[in-house]
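Peer 1: Sharing entry-v3.tsv (TSV, N, CA and C atoms and all ligand atoms) below.
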```
chain	number	residue	atom	x	y	z
A	52	MET	N	-46.43	-17.51	-31.35
A	52	MET	CA	-46.46	-17.86	-29.93
A	52	MET	C	-45.69	-19.17	-29.73
A	53	GLN	N	-44.86	-19.16	-28.76
A	53	GLN	CA	-44.04	-20.34	-28.49
A	53	GLN	C	-44.64	-21.12	-27.33
A	54	PHE	N	-44.95	-22.37	-27.58
A	54	PHE	CA	-45.48	-23.23	-26.53
A	54	PHE	C	-44.33	-23.71	-25.66
A	55	ARG	N	-44.47	-23.55	-24.38
A	55	ARG	CA	-43.38	-23.92	-23.48
A	55	ARG	C	-43.70	-25.23	-22.76
A	56	LEU	N	-42.68	-25.99	-22.51
A	56	LEU	CA	-42.80	-27.26	-21.82
A	56	LEU	C	-41.91	-27.28	-20.61
A	57	TRP	N	-42.20	-28.23	-19.74
A	57	TRP	CA	-41.33	-28.41	-18.59
A	57	TRP	C	-40.09	-29.16	-19.02
A	58	ALA	N	-38.95	-28.77	-18.51
A	58	ALA	CA	-37.69	-29.43	-18.83
A	58	ALA	C	-37.33	-30.37	-17.71
A	59	PRO	N	-37.33	-31.66	-17.96
A	59	PRO	CA	-37.07	-32.60	-16.88
A	59	PRO	C	-35.68	-32.52	-16.29
A	60	PHE	N	-34.72	-32.07	-17.05
A	60	PHE	CA	-33.37	-32.01	-16.51
A	60	PHE	C	-33.04	-30.62	-15.99
A	61	MET	N	-33.48	-29.62	-16.67
A	61	MET	CA	-33.12	-28.26	-16.30
A	61	MET	C	-34.14	-27.64	-15.35
A	62	ILE	N	-35.26	-28.31	-15.18
A	62	ILE	CA	-36.31	-27.82	-14.30
A	62	ILE	C	-36.66	-26.36	-14.63
A	63	SER	N	-36.97	-26.17	-15.85
A	63	SER	CA	-37.46	-24.87	-16.30
A	63	SER	C	-38.35	-25.17	-17.50
A	64	ASN	N	-38.80	-24.17	-18.19
A	64	ASN	CA	-39.63	-24.42	-19.36
A	64	ASN	C	-38.78	-24.64	-20.59
A	65	LEU	N	-39.34	-25.40	-21.53
A	65	LEU	CA	-38.64	-25.72	-22.77
A	65	LEU	C	-39.48	-25.33	-23.95
A	66	SER	N	-38.84	-25.03	-25.05
A	66	SER	CA	-39.56	-24.88	-26.30
A	66	SER	C	-39.68	-26.27	-26.92
A	67	TRP	N	-40.53	-26.40	-27.92
A	67	TRP	CA	-40.64	-27.70	-28.60
A	67	TRP	C	-39.30	-28.13	-29.17
A	68	LYS	N	-38.57	-27.15	-29.71
A	68	LYS	CA	-37.26	-27.45	-30.29
A	68	LYS	C	-36.34	-28.07	-29.24
A	69	GLU	N	-36.35	-27.47	-28.07
A	69	GLU	CA	-35.53	-27.98	-26.97
A	69	GLU	C	-36.03	-29.36	-26.52
A	70	PHE	N	-37.35	-29.51	-26.51
A	70	PHE	CA	-37.93	-30.79	-26.12
A	70	PHE	C	-37.46	-31.90	-27.06
A	71	TRP	N	-37.52	-31.65	-28.35
A	71	TRP	CA	-37.12	-32.68	-29.31
A	71	TRP	C	-35.63	-32.97	-29.22
A	72	ALA	N	-34.86	-31.93	-28.94
A	72	ALA	CA	-33.42	-32.14	-28.75
A	72	ALA	C	-33.20	-33.08	-27.57
A	73	MET	N	-33.99	-32.91	-26.53
A	73	MET	CA	-33.87	-33.77	-25.36
A	73	MET	C	-34.37	-35.18	-25.67
A	74	ALA	N	-35.48	-35.24	-26.40
A	74	ALA	CA	-36.05	-36.54	-26.75
A	74	ALA	C	-35.07	-37.37	-27.59
A	75	ARG	N	-34.23	-36.69	-28.35
A	75	ARG	CA	-33.25	-37.41	-29.17
A	75	ARG	C	-32.17	-38.09	-28.32
A	76	THR	N	-32.11	-37.74	-27.03
A	76	THR	CA	-31.14	-38.39	-26.15
A	76	THR	C	-31.73	-39.63	-25.49
A	77	TRP	N	-32.91	-40.00	-25.92
A	77	TRP	CA	-33.60	-41.16	-25.35
A	77	TRP	C	-32.69	-42.39	-25.36
A	78	LEU	N	-32.61	-43.02	-24.22
A	78	LEU	CA	-31.82	-44.23	-24.02
A	78	LEU	C	-30.32	-44.01	-24.20
A	79	GLN	N	-29.88	-42.78	-23.99
A	79	GLN	CA	-28.45	-42.49	-24.05
A	79	GLN	C	-28.02	-41.91	-22.70
A	80	TRP	N	-26.95	-42.44	-22.16
A	80	TRP	CA	-26.44	-41.90	-20.90
A	80	TRP	C	-25.94	-40.49	-21.13
A	81	LYS	N	-26.36	-39.59	-20.23
A	81	LYS	CA	-25.91	-38.20	-20.28
A	81	LYS	C	-25.38	-37.80	-18.91
A	82	GLU	N	-24.49	-36.86	-18.91
A	82	GLU	CA	-23.99	-36.35	-17.64
A	82	GLU	C	-25.15	-35.73	-16.87
A	83	GLY	N	-25.22	-36.00	-15.58
A	83	GLY	CA	-26.30	-35.46	-14.75
A	83	GLY	C	-26.27	-33.95	-14.67
A	84	ARG	N	-27.41	-33.38	-14.40
A	84	ARG	CA	-27.59	-31.93	-14.41
A	84	ARG	C	-26.63	-31.20	-13.48
A	85	GLN	N	-26.33	-31.83	-12.34
A	85	GLN	CA	-25.44	-31.17	-11.38
A	85	GLN	C	-23.97	-31.25	-11.80
A	86	LYS	N	-23.70	-32.09	-12.79
A	86	LYS	CA	-22.33	-32.25	-13.33
A	86	LYS	C	-21.32	-32.59	-12.23
A	87	THR	N	-21.67	-33.58	-11.42
A	87	THR	CA	-20.78	-33.99	-10.33
A	87	THR	C	-20.45	-35.47	-10.44
A	88	GLY	N	-20.44	-35.99	-11.67
A	88	GLY	CA	-19.95	-37.34	-11.89
A	88	GLY	C	-21.00	-38.41	-12.08
A	89	TYR	N	-22.27	-38.08	-11.89
A	89	TYR	CA	-23.32	-39.09	-12.10
A	89	TYR	C	-23.92	-38.90	-13.50
A	90	ASP	N	-24.65	-39.91	-13.95
A	90	ASP	CA	-25.24	-39.89	-15.29
A	90	ASP	C	-26.74	-40.17	-15.21
A	91	SER	N	-27.45	-39.77	-16.24
A	91	SER	CA	-28.88	-40.09	-16.31
A	91	SER	C	-29.21	-40.68	-17.67
A	92	LEU	N	-30.18	-41.57	-17.65
A	92	LEU	CA	-30.64	-42.23	-18.86
A	92	LEU	C	-32.15	-42.00	-18.96
A	93	LEU	N	-32.57	-41.29	-19.98
A	93	LEU	CA	-33.99	-41.00	-20.16
A	93	LEU	C	-34.71	-42.22	-20.72
A	94	LEU	N	-35.70	-42.72	-19.97
A	94	LEU	CA	-36.50	-43.86	-20.43
A	94	LEU	C	-37.80	-43.40	-21.05
A	95	PHE	N	-38.39	-42.36	-20.46
A	95	PHE	CA	-39.68	-41.89	-20.95
A	95	PHE	C	-39.84	-40.41	-20.61
A	96	LEU	N	-40.46	-39.69	-21.52
A	96	LEU	CA	-40.66	-38.25	-21.34
A	96	LEU	C	-42.05	-37.89	-21.82
A	97	ASN	N	-42.87	-37.37	-20.92
A	97	ASN	CA	-44.23	-36.96	-21.28
A	97	ASN	C	-44.40	-35.47	-21.04
A	98	PRO	N	-44.59	-34.67	-22.09
A	98	PRO	CA	-44.73	-33.23	-21.90
A	98	PRO	C	-46.18	-32.78	-21.69
A	99	PHE	N	-47.13	-33.69	-21.79
A	99	PHE	CA	-48.54	-33.31	-21.80
A	99	PHE	C	-49.24	-33.49	-20.46
A	100	LEU	N	-50.26	-32.67	-20.23
A	100	LEU	CA	-51.17	-32.76	-19.09
A	100	LEU	C	-50.43	-32.74	-17.75
A	101	VAL	N	-49.94	-33.87	-17.31
A	101	VAL	CA	-49.07	-33.91	-16.14
A	101	VAL	C	-47.68	-34.29	-16.65
A	102	PRO	N	-46.85	-33.28	-16.92
A	102	PRO	CA	-45.52	-33.59	-17.47
A	102	PRO	C	-44.70	-34.43	-16.51
A	103	PHE	N	-44.12	-35.47	-17.04
A	103	PHE	CA	-43.26	-36.30	-16.21
A	103	PHE	C	-42.18	-36.95	-17.05
A	104	HIS	N	-41.17	-37.42	-16.38
A	104	HIS	CA	-40.12	-38.17	-17.05
A	104	HIS	C	-39.71	-39.33	-16.16
A	105	VAL	N	-39.15	-40.33	-16.80
A	105	VAL	CA	-38.67	-41.51	-16.10
A	105	VAL	C	-37.20	-41.68	-16.47
A	106	LEU	N	-36.37	-41.80	-15.45
A	106	LEU	CA	-34.92	-41.87	-15.66
A	106	LEU	C	-34.32	-43.02	-14.89
A	107	ILE	N	-33.15	-43.40	-15.31
A	107	ILE	CA	-32.27	-44.19	-14.46
A	107	ILE	C	-31.07	-43.31	-14.17
A	108	LEU	N	-30.73	-43.23	-12.91
A	108	LEU	CA	-29.55	-42.45	-12.50
A	108	LEU	C	-28.45	-43.42	-12.12
A	109	ARG	N	-27.27	-43.14	-12.63
A	109	ARG	CA	-26.10	-44.00	-12.38
A	109	ARG	C	-25.04	-43.17	-11.66
A	110	PHE	N	-24.61	-43.68	-10.52
A	110	PHE	CA	-23.60	-42.99	-9.71
A	110	PHE	C	-22.36	-43.86	-9.63
A	111	PRO	N	-21.36	-43.57	-10.43
A	111	PRO	CA	-20.10	-44.33	-10.31
A	111	PRO	C	-19.31	-43.86	-9.09
A	112	GLU	N	-18.30	-44.62	-8.78
A	112	GLU	CA	-17.45	-44.28	-7.64
A	112	GLU	C	-16.91	-42.86	-7.79
A	113	GLY	N	-16.96	-42.11	-6.72
A	113	GLY	CA	-16.47	-40.73	-6.73
A	113	GLY	C	-17.53	-39.70	-7.04
A	114	SER	N	-18.67	-40.11	-7.56
A	114	SER	CA	-19.72	-39.14	-7.89
A	114	SER	C	-20.52	-38.78	-6.65
A	115	ARG	N	-21.25	-37.71	-6.75
A	115	ARG	CA	-22.11	-37.24	-5.67
A	115	ARG	C	-23.07	-36.22	-6.22
A	116	ILE	N	-24.06	-35.86	-5.44
A	116	ILE	CA	-24.92	-34.73	-5.79
A	116	ILE	C	-24.94	-33.81	-4.58
A	117	PRO	N	-24.47	-32.61	-4.72
A	117	PRO	CA	-24.45	-31.69	-3.58
A	117	PRO	C	-25.87	-31.27	-3.20
A	118	PRO	N	-26.04	-30.75	-1.99
A	118	PRO	CA	-27.39	-30.31	-1.57
A	118	PRO	C	-27.95	-29.27	-2.54
A	119	HIS	N	-29.19	-29.47	-2.92
A	119	HIS	CA	-29.83	-28.54	-3.85
A	119	HIS	C	-31.34	-28.73	-3.80
A	120	LYS	N	-32.04	-27.79	-4.44
A	120	LYS	CA	-33.48	-27.91	-4.67
A	120	LYS	C	-33.68	-27.79	-6.18
A	121	ASP	N	-34.67	-28.52	-6.71
A	121	ASP	CA	-34.96	-28.46	-8.14
A	121	ASP	C	-36.19	-27.58	-8.34
A	122	ARG	N	-35.94	-26.33	-8.51
A	122	ARG	CA	-37.06	-25.39	-8.61
A	122	ARG	C	-37.75	-25.53	-9.97
A	123	ALA	N	-39.07	-25.49	-9.93
A	123	ALA	CA	-39.88	-25.51	-11.15
A	123	ALA	C	-40.83	-24.33	-11.02
A	124	LYS	N	-40.46	-23.24	-11.61
A	124	LYS	CA	-41.18	-21.98	-11.43
A	124	LYS	C	-42.69	-22.14	-11.68
A	125	GLY	N	-43.46	-21.85	-10.67
A	125	GLY	CA	-44.92	-21.91	-10.80
A	125	GLY	C	-45.49	-23.31	-10.66
A	126	PHE	N	-44.66	-24.28	-10.37
A	126	PHE	CA	-45.13	-25.67	-10.28
A	126	PHE	C	-44.63	-26.31	-8.99
A	127	ARG	N	-45.33	-27.37	-8.60
A	127	ARG	CA	-44.84	-28.24	-7.52
A	127	ARG	C	-44.13	-29.40	-8.21
A	128	HIS	N	-42.92	-29.66	-7.79
A	128	HIS	CA	-42.10	-30.68	-8.43
A	128	HIS	C	-41.96	-31.89	-7.50
A	129	TYR	N	-42.48	-33.00	-7.93
A	129	TYR	CA	-42.43	-34.23	-7.14
A	129	TYR	C	-41.43	-35.20	-7.74
A	130	ARG	N	-40.83	-36.01	-6.87
A	130	ARG	CA	-39.91	-37.04	-7.36
A	130	ARG	C	-40.09	-38.30	-6.52
A	131	LEU	N	-40.17	-39.41	-7.25
A	131	LEU	CA	-40.29	-40.72	-6.61
A	131	LEU	C	-39.11	-41.56	-7.06
A	132	ASN	N	-38.24	-41.89	-6.12
A	132	ASN	CA	-37.02	-42.64	-6.42
A	132	ASN	C	-37.09	-44.04	-5.85
A	133	PHE	N	-36.64	-44.99	-6.65
A	133	PHE	CA	-36.52	-46.37	-6.21
A	133	PHE	C	-35.05	-46.76	-6.32
A	134	LEU	N	-34.49	-47.17	-5.22
A	134	LEU	CA	-33.09	-47.59	-5.23
A	134	LEU	C	-32.99	-48.97	-5.87
A	135	ILE	N	-32.26	-49.04	-6.97
A	135	ILE	CA	-32.07	-50.32	-7.67
A	135	ILE	C	-30.86	-51.04	-7.09
A	136	LYS	N	-29.79	-50.27	-6.89
A	136	LYS	CA	-28.55	-50.85	-6.37
A	136	LYS	C	-27.87	-49.80	-5.51
A	137	SER	N	-27.50	-50.19	-4.32
A	137	SER	CA	-26.80	-49.25	-3.46
A	137	SER	C	-25.29	-49.44	-3.58
A	138	ALA	N	-24.55	-48.40	-3.26
A	138	ALA	CA	-23.09	-48.47	-3.28
A	138	ALA	C	-22.62	-49.31	-2.10
A	139	LYS	N	-21.42	-49.86	-2.23
A	139	LYS	CA	-20.87	-50.62	-1.11
A	139	LYS	C	-20.57	-49.70	0.06
A	140	LYS	N	-20.13	-48.49	-0.29
A	140	LYS	CA	-19.83	-47.51	0.75
A	140	LYS	C	-20.16	-46.11	0.23
A	141	GLY	N	-20.84	-45.33	1.04
A	141	GLY	CA	-21.25	-43.98	0.64
A	141	GLY	C	-22.52	-44.01	-0.19
A	142	GLY	N	-22.81	-42.90	-0.85
A	142	GLY	CA	-23.99	-42.84	-1.70
A	142	GLY	C	-25.30	-42.81	-0.93
A	143	GLN	N	-25.29	-42.12	0.19
A	143	GLN	CA	-26.53	-42.00	0.97
A	143	GLN	C	-27.37	-40.85	0.43
A	144	PHE	N	-28.66	-41.11	0.28
A	144	PHE	CA	-29.58	-40.04	-0.12
A	144	PHE	C	-30.05	-39.34	1.14
A	145	ILE	N	-29.90	-38.03	1.16
A	145	ILE	CA	-30.30	-37.25	2.33
A	145	ILE	C	-31.25	-36.15	1.87
A	146	THR	N	-32.38	-36.05	2.54
A	146	THR	CA	-33.33	-34.98	2.22
A	146	THR	C	-33.85	-34.38	3.51
A	147	GLU	N	-34.27	-33.14	3.41
A	147	GLU	CA	-34.76	-32.44	4.60
A	147	GLU	C	-36.12	-32.95	5.05
A	148	GLY	N	-36.89	-33.49	4.13
A	148	GLY	CA	-38.23	-33.93	4.52
A	148	GLY	C	-38.92	-34.65	3.38
A	149	SER	N	-38.99	-35.94	3.48
A	149	SER	CA	-39.66	-36.72	2.44
A	149	SER	C	-41.14	-36.90	2.78
A	150	ILE	N	-41.93	-37.08	1.75
A	150	ILE	CA	-43.34	-37.43	1.95
A	150	ILE	C	-43.40	-38.89	2.42
A	151	TYR	N	-42.56	-39.71	1.80
A	151	TYR	CA	-42.42	-41.10	2.22
A	151	TYR	C	-40.98	-41.51	2.01
A	152	GLN	N	-40.42	-42.23	2.97
A	152	GLN	CA	-39.05	-42.68	2.82
A	152	GLN	C	-38.88	-44.06	3.46
A	153	SER	N	-38.25	-44.95	2.71
A	153	SER	CA	-37.87	-46.25	3.26
A	153	SER	C	-36.48	-46.55	2.71
A	154	LYS	N	-35.98	-47.73	2.96
A	154	LYS	CA	-34.63	-48.07	2.51
A	154	LYS	C	-34.51	-47.98	0.98
A	155	TYR	N	-35.57	-48.37	0.28
A	155	TYR	CA	-35.50	-48.44	-1.18
A	155	TYR	C	-36.35	-47.40	-1.92
A	156	VAL	N	-37.20	-46.69	-1.21
A	156	VAL	CA	-38.12	-45.75	-1.85
A	156	VAL	C	-38.02	-44.39	-1.18
A	157	ASN	N	-38.03	-43.35	-2.02
A	157	ASN	CA	-38.05	-42.01	-1.49
A	157	ASN	C	-38.97	-41.15	-2.34
A	158	PHE	N	-39.97	-40.58	-1.71
A	158	PHE	CA	-40.94	-39.73	-2.38
A	158	PHE	C	-40.87	-38.36	-1.72
A	159	PHE	N	-40.57	-37.35	-2.51
A	159	PHE	CA	-40.35	-36.04	-1.91
A	159	PHE	C	-40.64	-34.92	-2.90
A	160	ARG	N	-40.79	-33.71	-2.35
A	160	ARG	CA	-40.95	-32.50	-3.17
A	160	ARG	C	-39.56	-31.94	-3.40
A	161	SER	N	-39.04	-32.15	-4.61
A	161	SER	CA	-37.67	-31.73	-4.87
A	161	SER	C	-37.52	-30.23	-5.04
A	162	ASP	N	-38.65	-29.52	-5.17
A	162	ASP	CA	-38.56	-28.07	-5.32
A	162	ASP	C	-38.45	-27.35	-3.98
A	163	ILE	N	-38.89	-27.99	-2.91
A	163	ILE	CA	-38.87	-27.31	-1.61
A	163	ILE	C	-38.01	-28.05	-0.58
A	164	CYS	N	-37.68	-29.30	-0.85
A	164	CYS	CA	-36.85	-30.08	0.09
A	164	CYS	C	-35.43	-30.18	-0.45
A	165	LYS	N	-34.52	-29.63	0.30
A	165	LYS	CA	-33.11	-29.75	-0.10
A	165	LYS	C	-32.73	-31.22	-0.04
A	166	HIS	N	-32.02	-31.70	-1.06
A	166	HIS	CA	-31.66	-33.11	-1.11
A	166	HIS	C	-30.26	-33.26	-1.69
A	167	GLU	N	-29.66	-34.39	-1.39
A	167	GLU	CA	-28.29	-34.64	-1.85
A	167	GLU	C	-28.01	-36.14	-1.85
A	168	VAL	N	-26.96	-36.50	-2.54
A	168	VAL	CA	-26.43	-37.86	-2.48
A	168	VAL	C	-24.97	-37.72	-2.09
A	169	THR	N	-24.60	-38.38	-1.00
A	169	THR	CA	-23.21	-38.28	-0.55
A	169	THR	C	-22.29	-39.02	-1.53
A	170	LYS	N	-21.04	-38.72	-1.46
A	170	LYS	CA	-20.05	-39.28	-2.38
A	170	LYS	C	-20.04	-40.82	-2.36
A	171	ILE	N	-20.00	-41.39	-3.54
A	171	ILE	CA	-19.90	-42.84	-3.65
A	171	ILE	C	-18.45	-43.22	-3.35
A	172	GLU	N	-18.24	-43.81	-2.21
A	172	GLU	CA	-16.87	-44.14	-1.78
A	172	GLU	C	-16.38	-45.45	-2.41
A	173	GLU	N	-17.31	-46.38	-2.58
A	173	GLU	CA	-16.94	-47.69	-3.14
A	173	GLU	C	-18.15	-48.29	-3.85
A	174	GLY	N	-17.92	-48.85	-5.04
A	174	GLY	CA	-19.02	-49.46	-5.79
A	174	GLY	C	-19.76	-48.43	-6.61
A	175	SER	N	-20.98	-48.75	-6.96
A	175	SER	CA	-21.81	-47.84	-7.75
A	175	SER	C	-23.24	-47.90	-7.23
A	176	ARG	N	-24.00	-46.91	-7.63
A	176	ARG	CA	-25.37	-46.78	-7.14
A	176	ARG	C	-26.27	-46.52	-8.34
A	177	TYR	N	-27.44	-47.19	-8.38
A	177	TYR	CA	-28.41	-46.98	-9.46
A	177	TYR	C	-29.78	-46.68	-8.86
A	178	VAL	N	-30.47	-45.73	-9.49
A	178	VAL	CA	-31.79	-45.31	-9.01
A	178	VAL	C	-32.74	-45.21	-10.20
A	179	PHE	N	-33.93	-45.75	-10.01
A	179	PHE	CA	-35.02	-45.58	-10.97
A	179	PHE	C	-35.83	-44.38	-10.47
A	180	SER	N	-35.98	-43.37	-11.29
A	180	SER	CA	-36.51	-42.10	-10.81
A	180	SER	C	-37.63	-41.58	-11.70
A	181	ILE	N	-38.73	-41.20	-11.07
A	181	ILE	CA	-39.86	-40.61	-11.79
A	181	ILE	C	-40.06	-39.22	-11.23
A	182	GLY	N	-40.08	-38.23	-12.11
A	182	GLY	CA	-40.29	-36.86	-11.68
A	182	GLY	C	-41.47	-36.26	-12.43
A	183	TRP	N	-42.29	-35.47	-11.73
A	183	TRP	CA	-43.41	-34.83	-12.39
A	183	TRP	C	-43.71	-33.50	-11.71
A	184	ILE	N	-44.48	-32.68	-12.43
A	184	ILE	CA	-44.84	-31.38	-11.87
A	184	ILE	C	-46.35	-31.21	-11.90
A	185	LEU	N	-46.82	-30.46	-10.94
A	185	LEU	CA	-48.24	-30.12	-10.86
A	185	LEU	C	-48.34	-28.61	-10.65
A	186	SER	N	-49.36	-28.00	-11.24
A	186	SER	CA	-49.52	-26.55	-11.06
A	186	SER	C	-50.14	-26.25	-9.72
B	201	FE	FE	-32.49	-32.90	-7.44
```
Is it possible to express this structure as structure tokens?

Peer 2:
Amino acid sequence: MQFRLWAPFMISNLSWKEFWAMARTWLQWKEGRQKTGYDSLLLFLNPFLVPFHVLILRFPEGSRIPPHKDRAKGFRHYRLNFLIKSAKKGGQFITEGSIYQSKYVNFFRSDICKHEVTKIEEGSRYVFSIGWILS
């Protein structure tokens, strides 16, 4: 029997083998899941009880995230983002409906709320991001 885990980047289930492969990328910048020029840095990954991960997202000039939903089959997927550094121009976070939103904080259901980051026109953008799932 294969024990499955939540995949913080792929938003699907993972095997332990896949989990450890991901854990080996700890503290290493990786291309973001959408592959549109942004990067993610895994700070913490918890596969147990309430699976969650903590990331830093880096958006260099020219990067963006197109509108999408992060589906987690059979789970509710929550994300809490803290803006560390905003771009000089562009890089606006847009979502259809946040649970809470302010200039620096965005809390939303990424599985049901379409969200995006507009193109970074000038400068760079950094976000501290915590994502978790609940059944
Ligand atoms: Fe997303």

Peer 1: Show which residues sit within 8 Å of A:Ile171, as a ChimeraX atom specification. Count only N, CA and C atoms, and ignore same-chain residues fewer than 2 positions away.

Peer 2: /A:110-116,138-143,168-169,173-176

Peer 1: Produce a file of the selected residues containing N, CA and C atoms, as an mmCIF file, in the frame of the given file.

Peer 2:
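File produced: selection.cif:
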```cif
data_model
loop_
_atom_site.group_PDB
_atom_site.id
_atom_site.type_symbol
_atom_site.label_atom_id
_atom_site.label_comp_id
_atom_site.auth_asym_id
_atom_site.auth_seq_id
_atom_site.Cartn_x
_atom_site.Cartn_y
_atom_site.Cartn_z
ATOM 1 N N PHE A 110 -24.610 -43.680 -10.520
ATOM 2 C CA PHE A 110 -23.600 -42.990 -9.710
ATOM 3 C C PHE A 110 -22.360 -43.860 -9.630
ATOM 4 N N PRO A 111 -21.360 -43.570 -10.430
ATOM 5 C CA PRO A 111 -20.100 -44.330 -10.310
ATOM 6 C C PRO A 111 -19.310 -43.860 -9.090
ATOM 7 N N GLU A 112 -18.300 -44.620 -8.780
ATOM 8 C CA GLU A 112 -17.450 -44.280 -7.640
ATOM 9 C C GLU A 112 -16.910 -42.860 -7.790
ATOM 10 N N GLY A 113 -16.960 -42.110 -6.720
ATOM 11 C CA GLY A 113 -16.470 -40.730 -6.730
ATOM 12 C C GLY A 113 -17.530 -39.700 -7.040
ATOM 13 N N SER A 114 -18.670 -40.110 -7.560
ATOM 14 C CA SER A 114 -19.720 -39.140 -7.890
ATOM 15 C C SER A 114 -20.520 -38.780 -6.650
ATOM 16 N N ARG A 115 -21.250 -37.710 -6.750
ATOM 17 C CA ARG A 115 -22.110 -37.240 -5.670
ATOM 18 C C ARG A 115 -23.070 -36.220 -6.220
ATOM 19 N N ILE A 116 -24.060 -35.860 -5.440
ATOM 20 C CA ILE A 116 -24.920 -34.730 -5.790
ATOM 21 C C ILE A 116 -24.940 -33.810 -4.580
ATOM 22 N N ALA A 138 -24.550 -48.400 -3.260
ATOM 23 C CA ALA A 138 -23.090 -48.470 -3.280
ATOM 24 C C ALA A 138 -22.620 -49.310 -2.100
ATOM 25 N N LYS A 139 -21.420 -49.860 -2.230
ATOM 26 C CA LYS A 139 -20.870 -50.620 -1.110
ATOM 27 C C LYS A 139 -20.570 -49.700 0.060
ATOM 28 N N LYS A 140 -20.130 -48.490 -0.290
ATOM 29 C CA LYS A 140 -19.830 -47.510 0.750
ATOM 30 C C LYS A 140 -20.160 -46.110 0.230
ATOM 31 N N GLY A 141 -20.840 -45.330 1.040
ATOM 32 C CA GLY A 141 -21.250 -43.980 0.640
ATOM 33 C C GLY A 141 -22.520 -44.010 -0.190
ATOM 34 N N GLY A 142 -22.810 -42.900 -0.850
ATOM 35 C CA GLY A 142 -23.990 -42.840 -1.700
ATOM 36 C C GLY A 142 -25.300 -42.810 -0.930
ATOM 37 N N GLN A 143 -25.290 -42.120 0.190
ATOM 38 C CA GLN A 143 -26.530 -42.000 0.970
ATOM 39 C C GLN A 143 -27.370 -40.850 0.430
ATOM 40 N N VAL A 168 -26.960 -36.500 -2.540
ATOM 41 C CA VAL A 168 -26.430 -37.860 -2.480
ATOM 42 C C VAL A 168 -24.970 -37.720 -2.090
ATOM 43 N N THR A 169 -24.600 -38.380 -1.000
ATOM 44 C CA THR A 169 -23.210 -38.280 -0.550
ATOM 45 C C THR A 169 -22.290 -39.020 -1.530
ATOM 46 N N GLU A 173 -17.310 -46.380 -2.580
ATOM 47 C CA GLU A 173 -16.940 -47.690 -3.140
ATOM 48 C C GLU A 173 -18.150 -48.290 -3.850
ATOM 49 N N GLY A 174 -17.920 -48.850 -5.040
ATOM 50 C CA GLY A 174 -19.020 -49.460 -5.790
ATOM 51 C C GLY A 174 -19.760 -48.430 -6.610
ATOM 52 N N SER A 175 -20.980 -48.750 -6.960
ATOM 53 C CA SER A 175 -21.810 -47.840 -7.750
ATOM 54 C C SER A 175 -23.240 -47.900 -7.230
ATOM 55 N N ARG A 176 -24.000 -46.910 -7.630
ATOM 56 C CA ARG A 176 -25.370 -46.780 -7.140
ATOM 57 C C ARG A 176 -26.270 -46.520 -8.340
#
```

Peer 1: Have a look at A:Leu100, A:Ile150, A:Leu134, A:Ala123 and name the one nearest to ligand FE 201 (chain B); count only C-alpha atoms and all ligand atoms.

Peer 2: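 Among A:Leu100, A:Ile150, A:Leu134, A:Ala123, it is A:Ala123 that comes nearest to ligand FE 201 (chain B).
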
Peer 1: Kindly give the distance, in Å, that separates atom N of A:His104 and atom CA of A:Phe133, rounded to a single decimal.

Peer 2: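 Here the two named atoms are 14.3 Å from each other.
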
Peer 1: Could you make a table, as CSV, of the residues of chain A that have an atom within 7 Å of an atom of ligand FE 201 (chain B), each with its nearest atom pair and distance in Å to one decimal, counting only N, CA and C atoms and all ligand atoms, in chain and number order?

Peer 2:
```
residue,atom,partner,partner_atom,distance
A:His119,C,B:FE201,FE,5.7
A:Lys120,C,B:FE201,FE,5.4
A:Asp121,N,B:FE201,FE,4.9
A:Ser161,CA,B:FE201,FE,5.9
A:His166,C,B:FE201,FE,6.2
A:Glu167,N,B:FE201,FE,6.8
```

Peer 1: Tell me, in Å to one decimal, how far atom C of A:Leu93 is from atom CA of A:Phe126.

Peer 2: 22.2 Å

Peer 1: Can you list, as a compact mmCIF listing (two decimals) with N, CA and C atoms, keeping the file's coordinate frame, every protein, DNA or RNA residue that comes within 9 Å of A:Phe158 when you count only C-alpha atoms, leaving out same-chain residues fewer than 4 positions away?

Peer 2:
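Output (out20.txt):
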```txt
# COMPACT_ATOMS: atom_id res chain seq x y z
N TYR A 129 -42.48 -33.00 -7.93
CA TYR A 129 -42.43 -34.23 -7.14
C TYR A 129 -41.43 -35.20 -7.74
N ARG A 130 -40.83 -36.01 -6.87
CA ARG A 130 -39.91 -37.04 -7.36
C ARG A 130 -40.09 -38.30 -6.52
N LEU A 131 -40.17 -39.41 -7.25
CA LEU A 131 -40.29 -40.72 -6.61
C LEU A 131 -39.11 -41.56 -7.06
N ASN A 132 -38.24 -41.89 -6.12
CA ASN A 132 -37.02 -42.64 -6.42
C ASN A 132 -37.09 -44.04 -5.85
N PHE A 133 -36.64 -44.99 -6.65
CA PHE A 133 -36.52 -46.37 -6.21
C PHE A 133 -35.05 -46.76 -6.32
N SER A 149 -38.99 -35.94 3.48
CA SER A 149 -39.66 -36.72 2.44
C SER A 149 -41.14 -36.90 2.78
N ILE A 150 -41.93 -37.08 1.75
CA ILE A 150 -43.34 -37.43 1.95
C ILE A 150 -43.40 -38.89 2.42
N TYR A 151 -42.56 -39.71 1.80
CA TYR A 151 -42.42 -41.10 2.22
C TYR A 151 -40.98 -41.51 2.01
N GLN A 152 -40.42 -42.23 2.97
CA GLN A 152 -39.05 -42.68 2.82
C GLN A 152 -38.88 -44.06 3.46
```

Peer 1: Hey, which of A:Ile107, A:Ile135, A:Gly148, A:Lys165 ends up closest to A:Lys81? Count only C-alpha atoms.

Peer 2: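 Looking at the shortest contact to A:Lys81, the residue is A:Ile107.
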
Peer 1: Enter the distance from atom CA of A:Phe99 to atom CA of A:Gly182, in Å, rounded to one decimal.

Peer 2: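 Rounded to one decimal, the two atoms are 13.5 Å apart.
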
Peer 1: From the options A:Lys136, A:Ile145, A:Ser153, A:Glu172, which residue's atoms come nearest to A:Pro118, counting all atoms listed in the file?

Peer 2: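 Of A:Lys136, A:Ile145, A:Ser153, A:Glu172, the one nearest A:Pro118 is A:Ile145, counting all atoms listed in the file.
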
Peer 1: Hey, what does DSSP flag as strand (DSSP E or B) within stretch 123-173 of chain A? Can you give it to me as a ChimeraX atom specification?

Peer 2: /A:127-136,140-141,144-146,151-152,156-160,166-168,171-173
